[in-house]
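**Student:** My structure is in run.pdb, and what it holds is PDB, C-alpha atoms:
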```pdb
ATOM      1  CA  MET A   1     110.721 -28.606  42.985
ATOM      2  CA  ALA A   2     112.749 -25.724  41.527
ATOM      3  CA  TRP A   3     115.941 -27.774  41.705
ATOM      4  CA  ILE A   4     114.307 -30.614  39.800
ATOM      5  CA  TYR A   5     113.257 -28.114  37.120
ATOM      6  CA  LEU A   6     116.795 -26.768  36.981
ATOM      7  CA  ILE A   7     118.328 -30.218  36.600
ATOM      8  CA  LEU A   8     115.804 -31.046  33.866
ATOM      9  CA  ALA A   9     116.627 -27.740  32.156
ATOM     10  CA  GLY A  10     120.314 -28.638  32.146
ATOM     11  CA  GLY A  11     119.595 -32.131  30.876
ATOM     12  CA  PHE A  12     117.496 -30.828  27.994
ATOM     13  CA  GLU A  13     120.244 -28.296  27.236
ATOM     14  CA  VAL A  14     122.496 -31.298  26.594
ATOM     15  CA  VAL A  15     119.782 -32.804  24.352
ATOM     16  CA  GLY A  16     119.575 -29.531  22.408
ATOM     17  CA  VAL A  17     123.339 -29.325  21.949
ATOM     18  CA  THR A  18     123.400 -32.959  20.820
ATOM     19  CA  GLY A  19     120.686 -32.068  18.303
ATOM     20  CA  MET A  20     122.810 -29.147  17.115
ATOM     21  CA  ASN A  21     125.697 -31.536  16.496
ATOM     22  CA  LYS A  22     123.376 -33.867  14.569
ATOM     23  CA  VAL A  23     122.058 -30.982  12.423
ATOM     24  CA  VAL A  24     125.626 -30.077  11.447
ATOM     25  CA  LYS A  25     126.299 -33.683  10.406
ATOM     26  CA  TYR A  26     123.001 -34.900   8.933
ATOM     27  CA  LYS A  27     120.557 -31.989   8.342
ATOM     28  CA  ASN A  28     117.483 -34.224   8.565
ATOM     29  CA  VAL A  29     114.094 -33.689  10.219
ATOM     30  CA  GLN A  30     114.934 -35.890  13.209
ATOM     31  CA  SER A  31     118.046 -33.836  13.979
ATOM     32  CA  TYR A  32     116.099 -30.568  13.859
ATOM     33  CA  LEU A  33     113.387 -32.029  16.102
ATOM     34  CA  ILE A  34     115.973 -33.054  18.703
ATOM     35  CA  LEU A  35     117.517 -29.584  18.515
ATOM     36  CA  PHE A  36     114.282 -27.597  18.860
ATOM     37  CA  ILE A  37     112.528 -29.842  21.375
ATOM     38  CA  GLY A  38     115.669 -29.996  23.541
ATOM     39  CA  PHE A  39     116.058 -26.218  23.666
ATOM     40  CA  ILE A  40     112.335 -25.491  24.074
ATOM     41  CA  LEU A  41     112.119 -27.841  27.049
ATOM     42  CA  SER A  42     115.407 -26.539  28.439
ATOM     43  CA  PHE A  43     114.262 -22.914  28.417
ATOM     44  CA  SER A  44     110.823 -23.866  29.734
ATOM     45  CA  PHE A  45     112.236 -25.711  32.733
ATOM     46  CA  LEU A  46     114.814 -22.960  33.318
ATOM     47  CA  GLY A  47     111.997 -20.413  33.439
ATOM     48  CA  GLN A  48     110.108 -22.531  35.966
ATOM     49  CA  ALA A  49     113.209 -22.883  38.150
ATOM     50  CA  MET A  50     113.875 -19.140  38.066
ATOM     51  CA  LYS A  51     110.460 -18.422  39.576
ATOM     52  CA  THR A  52     111.948 -19.598  42.883
ATOM     53  CA  LEU A  53     115.735 -19.698  42.553
ATOM     54  CA  PRO A  54     117.950 -16.619  42.045
ATOM     55  CA  MET A  55     118.832 -15.796  38.429
ATOM     56  CA  GLY A  56     122.615 -15.924  38.864
ATOM     57  CA  LEU A  57     122.569 -19.284  40.598
ATOM     58  CA  SER A  58     120.065 -20.732  38.128
ATOM     59  CA  TYR A  59     122.059 -19.630  35.116
ATOM     60  CA  ALA A  60     125.360 -20.874  36.551
ATOM     61  CA  VAL A  61     123.953 -24.301  37.382
ATOM     62  CA  TRP A  62     122.149 -24.547  34.012
ATOM     63  CA  THR A  63     125.248 -23.671  32.007
ATOM     64  CA  GLY A  64     127.394 -25.916  34.212
ATOM     65  CA  ILE A  65     125.135 -28.901  33.589
ATOM     66  CA  GLY A  66     125.076 -28.082  29.877
ATOM     67  CA  THR A  67     128.834 -27.685  29.647
ATOM     68  CA  ILE A  68     129.681 -30.793  31.632
ATOM     69  CA  GLY A  69     126.941 -32.860  29.986
ATOM     70  CA  GLY A  70     127.875 -31.754  26.476
ATOM     71  CA  THR A  71     131.529 -32.530  27.088
ATOM     72  CA  ILE A  72     130.762 -35.980  28.500
ATOM     73  CA  VAL A  73     128.417 -36.802  25.594
ATOM     74  CA  GLY A  74     131.148 -35.696  23.176
ATOM     75  CA  MET A  75     133.718 -37.886  24.902
ATOM     76  CA  LEU A  76     131.465 -40.950  25.118
ATOM     77  CA  PHE A  77     129.651 -40.850  21.772
ATOM     78  CA  TYR A  78     131.587 -38.594  19.376
ATOM     79  CA  GLY A  79     135.189 -39.594  19.958
ATOM     80  CA  GLU A  80     136.315 -36.374  21.618
ATOM     81  CA  SER A  81     139.489 -36.422  23.694
ATOM     82  CA  LYS A  82     139.346 -38.026  27.150
ATOM     83  CA  ASP A  83     142.575 -36.376  28.245
ATOM     84  CA  TRP A  84     143.049 -36.047  32.011
ATOM     85  CA  LYS A  85     143.242 -32.246  31.669
ATOM     86  CA  ARG A  86     139.711 -32.098  30.233
ATOM     87  CA  ILE A  87     138.428 -34.211  33.115
ATOM     88  CA  LEU A  88     140.250 -31.954  35.601
ATOM     89  CA  PHE A  89     138.574 -28.852  34.151
ATOM     90  CA  ILE A  90     135.168 -30.563  34.182
ATOM     91  CA  ALA A  91     135.742 -31.248  37.889
ATOM     92  CA  MET A  92     136.668 -27.590  38.398
ATOM     93  CA  ILE A  93     133.407 -26.451  36.758
ATOM     94  CA  LEU A  94     131.481 -28.836  38.988
ATOM     95  CA  ALA A  95     133.290 -27.547  42.077
ATOM     96  CA  ALA A  96     132.570 -23.930  41.101
ATOM     97  CA  VAL A  97     128.857 -24.589  40.628
ATOM     98  CA  MET A  98     128.686 -26.432  43.952
ATOM     99  CA  GLY A  99     130.533 -23.535  45.585
ATOM    100  CA  LEU A 100     127.947 -21.095  44.261
ATOM    101  CA  LYS A 101     125.177 -23.218  45.739
ATOM    102  CA  LEU A 102     126.895 -23.458  49.099
ATOM    103  CA  THR A 103     127.410 -19.695  49.306
ATOM    104  CA  SER A 104     123.898 -18.738  48.172
TER     105      SER A 104
END
```
Would you write the structure of this file as C-alpha cells?
**Tutor:**
Amino acid sequence: MAWIYLILAGGFEVVGVTGMNKVVKYKNVQSYLILFIGFILSFSFLGQAMKTLPMGLSYAVWTGIGTIGGTIVGMLFYGESKDWKRILFIAMILAAVMGLKLTS
C-alpha cells in the first residue's frame, strides 16, 4: 500500500506544480485551488508512504515522479521543448530512481 501512496504523492506533486504554473499565468481562484489541493494531497500521501518506506527512497521516488511528470506535462500541454536530449535525461532520472529501488 505504501507504494500506491508514494505514486499518488508524486502524481499530486505534478498537479500542484501545474497549479503553480496556472497561478503565474492567471492568478484566479481555480488556479490557487489546484495549487493548494495538489500539494496538500501530495504531502499527505508522501507522509503515509514514509510510515513504511525509507525516507531517502521515498523522497527520491517522489521527486523523480514530480520531475518527470512536470516535464512531460510541460512538453504536452505548455509547448516546452521535446528535444531528444530532454527525453534522454528524463530516462536517466527514471533509471536512477529504479536503481535506488533495486538496491534498497
**Student:** Give me the result of the PyMOL selection byres ((chain A and resi 45) around 8) on this file, residue by residue, as a compact mmCIF listing (two decimals) with C-alpha atoms, keeping the file's coordinate frame.
**Tutor:**
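Below is the file that was written, selection.txt:
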```txt
# COMPACT_ATOMS: atom_id res chain seq x y z
CA TYR A 5 113.26 -28.11 37.12
CA LEU A 6 116.80 -26.77 36.98
CA LEU A 8 115.80 -31.05 33.87
CA ALA A 9 116.63 -27.74 32.16
CA LEU A 41 112.12 -27.84 27.05
CA SER A 42 115.41 -26.54 28.44
CA PHE A 43 114.26 -22.91 28.42
CA SER A 44 110.82 -23.87 29.73
CA LEU A 46 114.81 -22.96 33.32
CA GLY A 47 112.00 -20.41 33.44
CA GLN A 48 110.11 -22.53 35.97
CA ALA A 49 113.21 -22.88 38.15
```
**Student:** Just the residues within 10 Å of Lys101 of chain A, please, counting only C-alpha atoms, with nothing from its chain fewer than 2 positions along; format it as a list in words.
**Tutor:** Leu57, Ser58, Ala60, Val61, Ala95, Ala96, Val97, Met98, Gly99, Thr103 and Ser104 of chain A
**Student:** Written as a PyMOL selection string, which residues does the PyMOL selection byres ((chain A and resi 65) around 8) give for the file shown?
**Tutor:** chain A and resi 7+10-11+14+61-64+66-69
**Student:** Please compute the atom CA of Leu76 of chain A-atom CA of Lys25 of chain A distance, one decimal, in Å.
**Tutor:** 17.2 Å
**Student:** Which distance in Å separates atom CA of Arg86 of chain A and atom CA of Thr71 of chain A, to one decimal?
**Tutor:**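 Between atom CA of Arg86 of chain A and atom CA of Thr71 of chain A the gap is 8.8 Å.
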**Student:** From the coordinates I just gave you, please extract segment 27-42 of chain A so that only all heavy atoms remain, then output it as a PDB file, in the first residue's frame.
**Tutor:**
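Saved file result-v6.pdb follows:
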```
ATOM      1  N   LYS A  27      -3.710  33.780 -12.039  1.00  0.00           N
ATOM      2  CA  LYS A  27      -3.998  34.318 -10.705  1.00  0.00           C
ATOM      3  C   LYS A  27      -5.485  34.340 -10.366  1.00  0.00           C
ATOM      4  O   LYS A  27      -6.002  35.327  -9.853  1.00  0.00           O
ATOM      5  CB  LYS A  27      -3.406  35.718 -10.554  1.00  0.00           C
ATOM      6  CG  LYS A  27      -1.893  35.735 -10.539  1.00  0.00           C
ATOM      7  CD  LYS A  27      -1.366  37.111 -10.295  1.00  0.00           C
ATOM      8  CE  LYS A  27       0.112  37.203 -10.217  1.00  0.00           C
ATOM      9  NZ  LYS A  27       0.935  36.483 -11.125  1.00  0.00           N
ATOM     10  N   ASN A  28      -6.187  33.238 -10.649  1.00  0.00           N
ATOM     11  CA  ASN A  28      -7.595  33.146 -10.281  1.00  0.00           C
ATOM     12  C   ASN A  28      -7.782  32.087  -9.196  1.00  0.00           C
ATOM     13  O   ASN A  28      -6.865  31.355  -8.847  1.00  0.00           O
ATOM     14  CB  ASN A  28      -8.476  32.857 -11.507  1.00  0.00           C
ATOM     15  CG  ASN A  28      -8.101  31.565 -12.206  1.00  0.00           C
ATOM     16  OD1 ASN A  28      -7.495  30.684 -11.629  1.00  0.00           O
ATOM     17  ND2 ASN A  28      -8.467  31.457 -13.476  1.00  0.00           N
ATOM     18  N   VAL A  29      -8.994  32.025  -8.635  1.00  0.00           N
ATOM     19  CA  VAL A  29      -9.276  31.114  -7.533  1.00  0.00           C
ATOM     20  C   VAL A  29      -9.055  29.661  -7.934  1.00  0.00           C
ATOM     21  O   VAL A  29      -8.493  28.876  -7.166  1.00  0.00           O
ATOM     22  CB  VAL A  29     -10.719  31.329  -7.019  1.00  0.00           C
ATOM     23  CG1 VAL A  29     -11.092  30.300  -5.977  1.00  0.00           C
ATOM     24  CG2 VAL A  29     -10.879  32.728  -6.470  1.00  0.00           C
ATOM     25  N   GLN A  30      -9.464  29.286  -9.129  1.00  0.00           N
ATOM     26  CA  GLN A  30      -9.307  27.908  -9.587  1.00  0.00           C
ATOM     27  C   GLN A  30      -7.830  27.501  -9.610  1.00  0.00           C
ATOM     28  O   GLN A  30      -7.472  26.401  -9.180  1.00  0.00           O
ATOM     29  CB  GLN A  30      -9.920  27.734 -10.974  1.00  0.00           C
ATOM     30  CG  GLN A  30      -9.781  26.316 -11.510  1.00  0.00           C
ATOM     31  CD  GLN A  30     -10.284  26.182 -12.937  1.00  0.00           C
ATOM     32  OE1 GLN A  30     -10.611  27.172 -13.589  1.00  0.00           O
ATOM     33  NE2 GLN A  30     -10.337  24.968 -13.420  1.00  0.00           N
ATOM     34  N   SER A  31      -6.973  28.393 -10.070  1.00  0.00           N
ATOM     35  CA  SER A  31      -5.542  28.092 -10.123  1.00  0.00           C
ATOM     36  C   SER A  31      -4.968  27.876  -8.726  1.00  0.00           C
ATOM     37  O   SER A  31      -4.194  26.945  -8.494  1.00  0.00           O
ATOM     38  CB  SER A  31      -4.796  29.237 -10.809  1.00  0.00           C
ATOM     39  OG  SER A  31      -5.257  29.404 -12.126  1.00  0.00           O
ATOM     40  N   TYR A  32      -5.359  28.728  -7.787  1.00  0.00           N
ATOM     41  CA  TYR A  32      -4.886  28.569  -6.406  1.00  0.00           C
ATOM     42  C   TYR A  32      -5.408  27.284  -5.779  1.00  0.00           C
ATOM     43  O   TYR A  32      -4.697  26.632  -5.020  1.00  0.00           O
ATOM     44  CB  TYR A  32      -5.285  29.779  -5.553  1.00  0.00           C
ATOM     45  CG  TYR A  32      -4.384  30.978  -5.762  1.00  0.00           C
ATOM     46  CD1 TYR A  32      -4.777  32.040  -6.558  1.00  0.00           C
ATOM     47  CD2 TYR A  32      -3.130  31.028  -5.168  1.00  0.00           C
ATOM     48  CE1 TYR A  32      -3.956  33.140  -6.752  1.00  0.00           C
ATOM     49  CE2 TYR A  32      -2.290  32.119  -5.359  1.00  0.00           C
ATOM     50  CZ  TYR A  32      -2.709  33.174  -6.153  1.00  0.00           C
ATOM     51  OH  TYR A  32      -1.881  34.247  -6.340  1.00  0.00           O
ATOM     52  N   LEU A  33      -6.648  26.913  -6.087  1.00  0.00           N
ATOM     53  CA  LEU A  33      -7.204  25.665  -5.560  1.00  0.00           C
ATOM     54  C   LEU A  33      -6.420  24.463  -6.070  1.00  0.00           C
ATOM     55  O   LEU A  33      -6.102  23.542  -5.296  1.00  0.00           O
ATOM     56  CB  LEU A  33      -8.680  25.526  -5.919  1.00  0.00           C
ATOM     57  CG  LEU A  33      -9.651  26.359  -5.097  1.00  0.00           C
ATOM     58  CD1 LEU A  33     -11.071  26.242  -5.659  1.00  0.00           C
ATOM     59  CD2 LEU A  33      -9.618  25.936  -3.637  1.00  0.00           C
ATOM     60  N   ILE A  34      -6.113  24.463  -7.358  1.00  0.00           N
ATOM     61  CA  ILE A  34      -5.321  23.361  -7.935  1.00  0.00           C
ATOM     62  C   ILE A  34      -3.962  23.289  -7.248  1.00  0.00           C
ATOM     63  O   ILE A  34      -3.502  22.212  -6.861  1.00  0.00           O
ATOM     64  CB  ILE A  34      -5.175  23.537  -9.462  1.00  0.00           C
ATOM     65  CG1 ILE A  34      -6.528  23.361 -10.143  1.00  0.00           C
ATOM     66  CG2 ILE A  34      -4.158  22.552 -10.035  1.00  0.00           C
ATOM     67  CD1 ILE A  34      -6.546  23.763 -11.600  1.00  0.00           C
ATOM     68  N   LEU A  35      -3.333  24.440  -7.060  1.00  0.00           N
ATOM     69  CA  LEU A  35      -2.029  24.508  -6.416  1.00  0.00           C
ATOM     70  C   LEU A  35      -2.080  23.937  -4.995  1.00  0.00           C
ATOM     71  O   LEU A  35      -1.332  23.015  -4.653  1.00  0.00           O
ATOM     72  CB  LEU A  35      -1.546  25.959  -6.381  1.00  0.00           C
ATOM     73  CG  LEU A  35      -0.321  26.263  -5.524  1.00  0.00           C
ATOM     74  CD1 LEU A  35       0.948  25.900  -6.275  1.00  0.00           C
ATOM     75  CD2 LEU A  35      -0.302  27.724  -5.153  1.00  0.00           C
ATOM     76  N   PHE A  36      -2.967  24.473  -4.166  1.00  0.00           N
ATOM     77  CA  PHE A  36      -3.005  24.065  -2.759  1.00  0.00           C
ATOM     78  C   PHE A  36      -3.501  22.633  -2.568  1.00  0.00           C
ATOM     79  O   PHE A  36      -2.914  21.873  -1.796  1.00  0.00           O
ATOM     80  CB  PHE A  36      -3.857  25.042  -1.942  1.00  0.00           C
ATOM     81  CG  PHE A  36      -3.212  26.387  -1.780  1.00  0.00           C
ATOM     82  CD1 PHE A  36      -3.880  27.539  -2.150  1.00  0.00           C
ATOM     83  CD2 PHE A  36      -1.927  26.514  -1.271  1.00  0.00           C
ATOM     84  CE1 PHE A  36      -3.285  28.777  -2.008  1.00  0.00           C
ATOM     85  CE2 PHE A  36      -1.326  27.744  -1.130  1.00  0.00           C
ATOM     86  CZ  PHE A  36      -2.004  28.889  -1.502  1.00  0.00           C
ATOM     87  N   ILE A  37      -4.545  22.257  -3.269  1.00  0.00           N
ATOM     88  CA  ILE A  37      -5.063  20.890  -3.123  1.00  0.00           C
ATOM     89  C   ILE A  37      -4.033  19.874  -3.608  1.00  0.00           C
ATOM     90  O   ILE A  37      -3.813  18.841  -2.973  1.00  0.00           O
ATOM     91  CB  ILE A  37      -6.419  20.730  -3.842  1.00  0.00           C
ATOM     92  CG1 ILE A  37      -7.485  21.547  -3.091  1.00  0.00           C
ATOM     93  CG2 ILE A  37      -6.819  19.265  -3.949  1.00  0.00           C
ATOM     94  CD1 ILE A  37      -8.816  21.645  -3.805  1.00  0.00           C
ATOM     95  N   GLY A  38      -3.368  20.180  -4.730  1.00  0.00           N
ATOM     96  CA  GLY A  38      -2.332  19.275  -5.248  1.00  0.00           C
ATOM     97  C   GLY A  38      -1.221  19.052  -4.244  1.00  0.00           C
ATOM     98  O   GLY A  38      -0.835  17.915  -3.962  1.00  0.00           O
ATOM     99  N   PHE A  39      -0.702  20.138  -3.651  1.00  0.00           N
ATOM    100  CA  PHE A  39       0.403  19.998  -2.711  1.00  0.00           C
ATOM    101  C   PHE A  39      -0.036  19.398  -1.377  1.00  0.00           C
ATOM    102  O   PHE A  39       0.706  18.622  -0.773  1.00  0.00           O
ATOM    103  CB  PHE A  39       1.119  21.328  -2.495  1.00  0.00           C
ATOM    104  CG  PHE A  39       2.031  21.701  -3.641  1.00  0.00           C
ATOM    105  CD1 PHE A  39       1.999  22.973  -4.185  1.00  0.00           C
ATOM    106  CD2 PHE A  39       2.913  20.781  -4.185  1.00  0.00           C
ATOM    107  CE1 PHE A  39       2.832  23.324  -5.240  1.00  0.00           C
ATOM    108  CE2 PHE A  39       3.747  21.113  -5.240  1.00  0.00           C
ATOM    109  CZ  PHE A  39       3.707  22.393  -5.764  1.00  0.00           C
ATOM    110  N   ILE A  40      -1.226  19.743  -0.906  1.00  0.00           N
ATOM    111  CA  ILE A  40      -1.717  19.155   0.347  1.00  0.00           C
ATOM    112  C   ILE A  40      -1.850  17.644   0.203  1.00  0.00           C
ATOM    113  O   ILE A  40      -1.398  16.876   1.064  1.00  0.00           O
ATOM    114  CB  ILE A  40      -3.052  19.798   0.776  1.00  0.00           C
ATOM    115  CG1 ILE A  40      -2.810  21.221   1.280  1.00  0.00           C
ATOM    116  CG2 ILE A  40      -3.760  18.962   1.839  1.00  0.00           C
ATOM    117  CD1 ILE A  40      -4.075  22.046   1.457  1.00  0.00           C
ATOM    118  N   LEU A  41      -2.467  17.206  -0.891  1.00  0.00           N
ATOM    119  CA  LEU A  41      -2.612  15.763  -1.108  1.00  0.00           C
ATOM    120  C   LEU A  41      -1.258  15.089  -1.333  1.00  0.00           C
ATOM    121  O   LEU A  41      -1.017  13.985  -0.847  1.00  0.00           O
ATOM    122  CB  LEU A  41      -3.563  15.491  -2.274  1.00  0.00           C
ATOM    123  CG  LEU A  41      -5.035  15.816  -2.011  1.00  0.00           C
ATOM    124  CD1 LEU A  41      -5.850  15.693  -3.286  1.00  0.00           C
ATOM    125  CD2 LEU A  41      -5.589  14.922  -0.925  1.00  0.00           C
ATOM    126  N   SER A  42      -0.368  15.778  -2.039  1.00  0.00           N
ATOM    127  CA  SER A  42       0.959  15.221  -2.290  1.00  0.00           C
ATOM    128  C   SER A  42       1.700  14.974  -0.981  1.00  0.00           C
ATOM    129  O   SER A  42       2.226  13.875  -0.748  1.00  0.00           O
ATOM    130  CB  SER A  42       1.764  16.173  -3.180  1.00  0.00           C
ATOM    131  OG  SER A  42       3.060  15.673  -3.395  1.00  0.00           O
TER     132      SER A  42
END
```
